[in-house]
Amino acid sequence: MGWALVVNIARETTIRPEDTLPIYEATDLTKGGDMARIKLGDQIYTLRITRAGKLILTK
């Protein structure tokens, strides 16, 4: 009878919360412009893309 060597290697997979978050393109939210309004509950916020390519969110 022959011998068989069975090796089982289990890889640990870690899913970080940021890997499962949705990603939105800022220019899609602004429809190609530089500003958009975002509603959360009954509050309205303004998202602005600056000339330097930064995002500013204000109430």
# chains A, B, ... in the order shown; residues from 1 in each chain; ligands from 1

call {"tool": "residues_around", "arguments": {"residues": "A:Ile38", "least_positions_apart": "2", "cutoff": "12 Å", "atoms": "only C-alpha atoms", "output": "CSV table (one decimal) with all heavy atoms, in the first residue's frame"}}
result
chain,number,residue,atom,x,y,z
A,26,ALA,N,-16.8,61.8,-7.3
A,26,ALA,CA,-17.3,63.1,-7.0
A,26,ALA,C,-17.9,63.8,-8.2
A,26,ALA,O,-18.9,64.5,-8.1
A,26,ALA,CB,-16.2,63.9,-6.3
A,29,LEU,N,-21.4,62.9,-8.8
A,29,LEU,CA,-22.3,63.5,-7.9
A,29,LEU,C,-22.6,65.0,-8.3
A,29,LEU,O,-23.7,65.5,-8.1
A,29,LEU,CB,-21.8,63.5,-6.4
A,29,LEU,CG,-21.6,62.1,-5.8
A,29,LEU,CD1,-20.9,62.3,-4.4
A,29,LEU,CD2,-23.0,61.5,-5.6
A,30,THR,N,-21.6,65.6,-8.8
A,30,THR,CA,-21.7,67.0,-9.2
A,30,THR,C,-22.2,67.2,-10.7
A,30,THR,O,-22.3,68.3,-11.2
A,30,THR,CB,-20.4,67.8,-9.0
A,30,THR,OG1,-19.4,67.2,-9.8
A,30,THR,CG2,-20.0,67.8,-7.6
A,35,MET,N,-20.2,71.6,-7.9
A,35,MET,CA,-21.0,71.6,-6.6
A,35,MET,C,-22.1,70.7,-6.7
A,35,MET,O,-22.7,70.4,-7.8
A,35,MET,CB,-21.5,73.0,-6.4
A,35,MET,CG,-20.4,74.0,-6.0
A,35,MET,SD,-21.0,75.6,-5.7
A,35,MET,CE,-21.6,75.4,-4.0
A,36,ALA,N,-22.5,70.1,-5.6
A,36,ALA,CA,-23.7,69.3,-5.5
A,36,ALA,C,-24.3,69.5,-4.1
A,36,ALA,O,-23.6,69.8,-3.2
A,36,ALA,CB,-23.4,67.8,-5.7
A,40,LEU,N,-29.4,64.6,3.9
A,40,LEU,CA,-29.3,63.6,4.9
A,40,LEU,C,-30.4,63.9,5.9
A,40,LEU,O,-30.4,64.8,6.6
A,40,LEU,CB,-28.0,63.6,5.6
A,40,LEU,CG,-27.8,62.6,6.7
A,40,LEU,CD1,-27.9,61.1,6.2
A,40,LEU,CD2,-26.5,62.7,7.5
A,41,GLY,N,-31.5,63.0,5.9
A,41,GLY,CA,-32.6,63.3,6.7
A,41,GLY,C,-33.3,64.6,6.2
A,41,GLY,O,-33.6,64.7,5.0
A,42,ASP,N,-33.4,65.6,7.1
A,42,ASP,CA,-34.0,66.8,6.7
A,42,ASP,C,-32.9,67.9,6.5
A,42,ASP,O,-33.3,69.1,6.4
A,42,ASP,CB,-35.1,67.3,7.6
A,42,ASP,CG,-34.6,67.4,9.0
A,42,ASP,OD1,-33.5,67.1,9.3
A,42,ASP,OD2,-35.4,67.9,9.9
A,43,GLN,N,-31.7,67.5,6.5
A,43,GLN,CA,-30.6,68.5,6.4
A,43,GLN,C,-30.0,68.5,5.0
A,43,GLN,O,-29.9,67.4,4.3
A,43,GLN,CB,-29.4,68.1,7.4
A,43,GLN,CG,-29.8,68.1,8.8
A,43,GLN,CD,-30.1,69.5,9.3
A,43,GLN,OE1,-29.4,70.5,9.0
A,43,GLN,NE2,-31.1,69.7,10.1
A,44,ILE,N,-29.6,69.6,4.5
A,44,ILE,CA,-29.0,69.7,3.1
A,44,ILE,C,-27.6,70.2,3.3
A,44,ILE,O,-27.3,71.2,4.0
A,44,ILE,CB,-29.8,70.8,2.2
A,44,ILE,CG1,-31.3,70.4,2.1
A,44,ILE,CG2,-29.1,70.9,0.9
A,44,ILE,CD1,-31.5,69.1,1.2
A,45,TYR,N,-26.7,69.5,2.7
A,45,TYR,CA,-25.3,69.8,2.7
A,45,TYR,C,-24.8,70.2,1.3
A,45,TYR,O,-25.4,69.7,0.3
A,45,TYR,CB,-24.4,68.6,3.2
A,45,TYR,CG,-24.7,68.2,4.6
A,45,TYR,CD1,-25.8,67.4,4.9
A,45,TYR,CD2,-24.0,68.7,5.7
A,45,TYR,CE1,-26.1,67.1,6.2
A,45,TYR,CE2,-24.3,68.4,7.0
A,45,TYR,CZ,-25.3,67.6,7.3
A,45,TYR,OH,-25.6,67.2,8.5
A,46,THR,N,-23.7,70.9,1.2
A,46,THR,CA,-23.2,71.3,-0.1
A,46,THR,C,-21.8,70.7,-0.2
A,46,THR,O,-20.9,70.9,0.6
A,46,THR,CB,-23.1,72.8,-0.2
A,46,THR,OG1,-24.4,73.4,-0.1
A,46,THR,CG2,-22.5,73.2,-1.6
A,47,LEU,N,-21.6,69.9,-1.3
A,47,LEU,CA,-20.3,69.4,-1.6
A,47,LEU,C,-19.7,70.2,-2.7
A,47,LEU,O,-20.3,70.5,-3.7
A,47,LEU,CB,-20.5,67.9,-2.1
A,47,LEU,CG,-19.2,67.2,-2.6
A,47,LEU,CD1,-18.3,66.9,-1.4
A,47,LEU,CD2,-19.5,66.0,-3.4
A,48,ARG,N,-18.5,70.6,-2.5
A,48,ARG,CA,-17.8,71.5,-3.5
A,48,ARG,C,-16.4,70.9,-3.8
A,48,ARG,O,-15.7,70.5,-2.9
A,48,ARG,CB,-17.6,72.9,-2.9
A,48,ARG,CG,-17.0,73.9,-4.0
A,48,ARG,CD,-17.1,75.3,-3.5
A,48,ARG,NE,-16.3,75.6,-2.4
A,48,ARG,CZ,-15.1,76.1,-2.4
A,48,ARG,NH1,-14.5,76.2,-3.6
A,48,ARG,NH2,-14.4,76.3,-1.3
A,57,LEU,N,-17.2,69.8,2.3
A,57,LEU,CA,-18.6,69.5,2.6
A,57,LEU,C,-19.0,70.5,3.7
A,57,LEU,O,-18.5,70.5,4.7
A,57,LEU,CB,-18.8,68.1,3.1
A,57,LEU,CG,-20.2,67.6,3.3
A,57,LEU,CD1,-21.0,67.6,2.1
A,57,LEU,CD2,-20.2,66.2,4.0
A,58,THR,N,-20.1,71.3,3.4
A,58,THR,CA,-20.5,72.3,4.3
A,58,THR,C,-22.1,72.1,4.5
A,58,THR,O,-22.7,71.6,3.7
A,58,THR,CB,-20.2,73.7,3.9
A,58,THR,OG1,-20.8,73.9,2.6
A,58,THR,CG2,-18.8,74.0,3.9
A,59,LYS,N,-22.5,72.6,5.7
A,59,LYS,CA,-23.9,72.5,6.0
A,59,LYS,C,-24.6,73.8,5.5
A,59,LYS,O,-24.1,74.8,5.5
A,59,LYS,CB,-24.1,72.3,7.5
A,59,LYS,CG,-25.5,71.9,7.9
A,59,LYS,CD,-25.4,71.5,9.4
A,59,LYS,CE,-26.8,71.0,9.8
A,59,LYS,NZ,-26.8,70.8,11.2

call {"tool": "select_by_dssp", "arguments": {"residues": "stretch 20-58 of chain A", "states": "strand (DSSP E)", "output": "JSON, numbers by chain"}}
result
{"A": [35, 36, 37, 38, 39, 40, 43, 44, 45, 46, 47, 48, 49, 55, 56, 57, 58]}

call {"tool": "write_last_selection", "arguments": {"atoms": "C-alpha atoms", "output": "short mmCIF file (atom, residue, chain, number, x, y, z; two decimals), in the first residue's frame"}}
result
data_model
loop_
_atom_site.label_atom_id
_atom_site.label_comp_id
_atom_site.auth_asym_id
_atom_site.auth_seq_id
_atom_site.Cartn_x
_atom_site.Cartn_y
_atom_site.Cartn_z
CA MET A 35 -20.95 71.61 -6.64
CA ALA A 36 -23.73 69.28 -5.50
CA ARG A 37 -26.28 69.28 -2.72
CA ILE A 38 -26.53 66.17 -0.56
CA LYS A 39 -29.56 65.47 1.62
CA LEU A 40 -29.31 63.56 4.89
CA GLN A 43 -30.56 68.48 6.39
CA ILE A 44 -29.04 69.74 3.13
CA TYR A 45 -25.26 69.80 2.69
CA THR A 46 -23.18 71.31 -0.10
CA LEU A 47 -20.31 69.36 -1.63
CA ARG A 48 -17.78 71.49 -3.49
CA ILE A 49 -14.76 70.46 -5.55
CA LEU A 55 -13.53 68.26 -1.48
CA ILE A 56 -15.34 70.56 0.93
CA LEU A 57 -18.61 69.50 2.57
CA THR A 58 -20.55 72.25 4.33
#

call {"tool": "atom_distance", "arguments": {"atom1": "atom CA of A:Lys54", "atom2": "atom CA of A:Pro17"}}
result
23.6 Å
